[in-house]
Amino acid sequence: MSLSVLSRKEKERVIRRLLIQAPPGEFVNAFDDLCLLIRDEKLMHHQGECAGHQHCQKYSVPLCIDGNPVLLSHHNVMGDYRFFDYQSKLSFKFDLLQNQLRDIQSHGIIRNETEYLRTVVLCALKLYVNDHFPTGNCNVLRKTIKNKEFLIACIEDHNYETGDCWNGLWKSKWIFQVNPFLTQVTGRIFLQAHFFRCVNLHVKISKDLKESLEVVNQAQLALSFARLVEEQENRFQAAVLDELQELSNEALRKIIRRDLPVTRTLIDWQRILSDLNLVMYPKLGYVIYSRSVLCNWII
């Protein structure tokens, strides 16, 4: 169906749906392409603002405020398209299309035990992220639900290489209640990649986790939490690599003409060449083999 025969509400619904489906790192590209089709600047700007706000929450878009990384998510949404950062104590709107902050306001927060714990957990988490991610970002948020205090840790790293025709995102979220003696950690690790050279391939992998942690003091809890995140994410990465290797092997078996063994061993070409009694004639510019060697190879 042509867009010209759709009502305005139907156009808004279609535009927003298409923009929300944009892979991480490609929102602006999708918006620019749709602008060429729609040719309605006012409509596109409004829908781009709405969909961009959802895109930021969905993919934990990173920002930098006063030198500190901030990850946008639905956990630090205040309403009216505003986000709140606990580190800088600022609320703001973020224009994803222009990549800039707008309408910045200062807020106060209560400095209680939970806030001190949040700071300690953030420090421990930063050590892990800096050690394992090339350009990783992390953030720890506070949230009160039914008079219960929770800490929410978010991790994000990405590599958007549009020149090489691929984009990739790694993000995880970890939530635990501030309890004495014992607390349960709920986590979700999410990986998404988009390859668009010769083929349009989307890969999405996620895993949900639940673990328990003993609580002795703030320092112990922060270190134990960071160690738990490290162990679980390392296991997830190893499992993903094993699965992709198996998938690659399966694809290889389907394209080769005969079933060959896969040894994954290094081939010593120098030894093979010497065994073949290879004789080089630099002046003639060609290679001849000893008659004793069978050189009619069939692959």
# chains A, B, ... in the order shown; residues from 1 in each chain; ligands from 1
$ residues_around --residues "Leu141 (chain A)" --least-positions-apart "6" --cutoff "10 Å" --atoms "only C-alpha atoms" --output "PyMOL selection string"
chain A and resi 71+75-76+84-87+115+118-119+122+150-154+175
$ closest_atom_pairs --of "region 78-158 of chain A" --to "region 11-35 of chain A" --cutoff "12 Å" --atoms "only C-alpha atoms" --output "tab-separated table"
residue	atom	partner	partner_atom	distance
A:Asp95	CA	A:Val28	CA	11.0
A:Leu96	CA	A:Val28	CA	7.8
A:Leu97	CA	A:Val28	CA	6.0
A:Gln98	CA	A:Val28	CA	9.0
A:Asn99	CA	A:Val28	CA	9.8
A:Glu156	CA	A:Pro24	CA	11.6
A:Asp157	CA	A:Pro24	CA	11.2
A:His158	CA	A:Gly25	CA	8.6
$ closest_residue --among "A:Gly79, A:Lys207, A:Thr135, A:Tyr128" --to "Ser224 (chain A)" --atoms "only C-alpha atoms"
A:Tyr128
$ select_by_dssp --residues "region 145-278 of chain A" --states "strand (DSSP E or B)" --output "PyMOL selection string"
chain A and resi 145+148-161+166-177+181-195+201-215
$ write_last_selection --atoms "C-alpha atoms" --output "PDB file, in the first residue's frame"
ATOM      1  CA  ILE A 145       9.317   0.309  44.587  1.00  0.00           C
ATOM      2  CA  LYS A 148      11.735  -1.032  48.993  1.00  0.00           C
ATOM      3  CA  GLU A 149      15.106   0.231  47.769  1.00  0.00           C
ATOM      4  CA  PHE A 150      16.678  -1.328  44.669  1.00  0.00           C
ATOM      5  CA  LEU A 151      19.957  -0.765  42.850  1.00  0.00           C
ATOM      6  CA  ILE A 152      20.049  -1.175  39.074  1.00  0.00           C
ATOM      7  CA  ALA A 153      23.405  -1.606  37.352  1.00  0.00           C
ATOM      8  CA  CYS A 154      23.636  -1.123  33.577  1.00  0.00           C
ATOM      9  CA  ILE A 155      26.594  -1.981  31.301  1.00  0.00           C
ATOM     10  CA  GLU A 156      26.953  -1.069  27.622  1.00  0.00           C
ATOM     11  CA  ASP A 157      29.571  -1.320  24.926  1.00  0.00           C
ATOM     12  CA  HIS A 158      29.169  -0.996  21.182  1.00  0.00           C
ATOM     13  CA  ASN A 159      31.045  -0.904  17.921  1.00  0.00           C
ATOM     14  CA  TYR A 160      29.228   0.841  15.111  1.00  0.00           C
ATOM     15  CA  GLU A 161      31.286   0.274  11.950  1.00  0.00           C
ATOM     16  CA  TRP A 166      28.315  -4.081  10.514  1.00  0.00           C
ATOM     17  CA  ASN A 167      27.136  -2.814  13.905  1.00  0.00           C
ATOM     18  CA  GLY A 168      27.265  -4.529  17.279  1.00  0.00           C
ATOM     19  CA  LEU A 169      25.941  -3.887  20.800  1.00  0.00           C
ATOM     20  CA  TRP A 170      26.543  -5.603  24.140  1.00  0.00           C
ATOM     21  CA  LYS A 171      24.463  -4.542  27.130  1.00  0.00           C
ATOM     22  CA  SER A 172      23.402  -5.997  30.434  1.00  0.00           C
ATOM     23  CA  LYS A 173      21.190  -5.013  33.341  1.00  0.00           C
ATOM     24  CA  TRP A 174      21.444  -6.223  36.946  1.00  0.00           C
ATOM     25  CA  ILE A 175      18.921  -5.502  39.722  1.00  0.00           C
ATOM     26  CA  PHE A 176      19.058  -6.334  43.419  1.00  0.00           C
ATOM     27  CA  GLN A 177      17.207  -5.181  46.501  1.00  0.00           C
ATOM     28  CA  PHE A 181      22.275 -10.690  55.131  1.00  0.00           C
ATOM     29  CA  LEU A 182      21.095 -11.926  51.694  1.00  0.00           C
ATOM     30  CA  THR A 183      19.900 -10.461  48.414  1.00  0.00           C
ATOM     31  CA  GLN A 184      18.880 -11.893  45.064  1.00  0.00           C
ATOM     32  CA  VAL A 185      20.417 -10.505  41.877  1.00  0.00           C
ATOM     33  CA  THR A 186      18.359 -10.613  38.686  1.00  0.00           C
ATOM     34  CA  GLY A 187      20.236 -10.014  35.451  1.00  0.00           C
ATOM     35  CA  ARG A 188      19.779  -9.960  31.704  1.00  0.00           C
ATOM     36  CA  ILE A 189      22.591 -10.004  29.128  1.00  0.00           C
ATOM     37  CA  PHE A 190      21.761  -8.893  25.604  1.00  0.00           C
ATOM     38  CA  LEU A 191      23.823  -9.053  22.428  1.00  0.00           C
ATOM     39  CA  GLN A 192      22.796  -7.723  19.015  1.00  0.00           C
ATOM     40  CA  ALA A 193      24.694  -7.541  15.740  1.00  0.00           C
ATOM     41  CA  HIS A 194      23.688  -6.377  12.272  1.00  0.00           C
ATOM     42  CA  PHE A 195      25.648  -7.350   9.153  1.00  0.00           C
ATOM     43  CA  LEU A 201      21.683 -10.471   8.770  1.00  0.00           C
ATOM     44  CA  HIS A 202      20.381  -9.656  12.265  1.00  0.00           C
ATOM     45  CA  VAL A 203      21.635 -11.585  15.291  1.00  0.00           C
ATOM     46  CA  LYS A 204      20.004 -11.212  18.721  1.00  0.00           C
ATOM     47  CA  ILE A 205      21.055 -13.297  21.724  1.00  0.00           C
ATOM     48  CA  SER A 206      19.974 -12.813  25.330  1.00  0.00           C
ATOM     49  CA  LYS A 207      20.061 -14.670  28.640  1.00  0.00           C
ATOM     50  CA  ASP A 208      18.233 -14.131  31.948  1.00  0.00           C
ATOM     51  CA  LEU A 209      19.934 -14.971  35.226  1.00  0.00           C
ATOM     52  CA  LYS A 210      19.170 -15.179  38.934  1.00  0.00           C
ATOM     53  CA  GLU A 211      21.794 -15.490  41.647  1.00  0.00           C
ATOM     54  CA  SER A 212      22.008 -14.857  45.400  1.00  0.00           C
ATOM     55  CA  LEU A 213      24.634 -12.823  47.236  1.00  0.00           C
ATOM     56  CA  GLU A 214      25.498 -12.711  50.924  1.00  0.00           C
ATOM     57  CA  VAL A 215      25.611  -9.258  52.463  1.00  0.00           C
TER      58      VAL A 215
END
$ select_by_dssp --residues "region 94-259 of chain A" --states "helix (DSSP H, G or I)" --output "MDAnalysis selection string"
chainID A and resid 113:132 162:164 218:255
$ closest_residue --among "A:Thr265, A:Gln54, A:Gln218, A:Asn139" --to "Asn179 (chain A)" --atoms "only C-alpha atoms"
A:Gln218
$ closest_residue --among "A:Phe83, A:Leu223, A:Asp40, A:Ser73" --to "Arg102 (chain A)" --atoms "only C-alpha atoms"
A:Phe83
$ atom_distance --atom1 "CA of Thr114 (chain A)" --atom2 "CA of Asp66 (chain A)"
22.9 Å
$ atom_distance --atom1 "CA of Leu90 (chain A)" --atom2 "CA of Met78 (chain A)"
11.2 Å
$ atom_distance --atom1 "CA of Leu125 (chain A)" --atom2 "CA of Ser60 (chain A)"
16.5 Å
$ residues_around --residues "Lys93 (chain A)" --least-positions-apart "5" --cutoff "9 Å" --atoms "only C-alpha atoms" --output "JSON, numbers by chain"
{"A": [53, 80, 81, 82, 83, 100, 101, 102, 103, 104]}
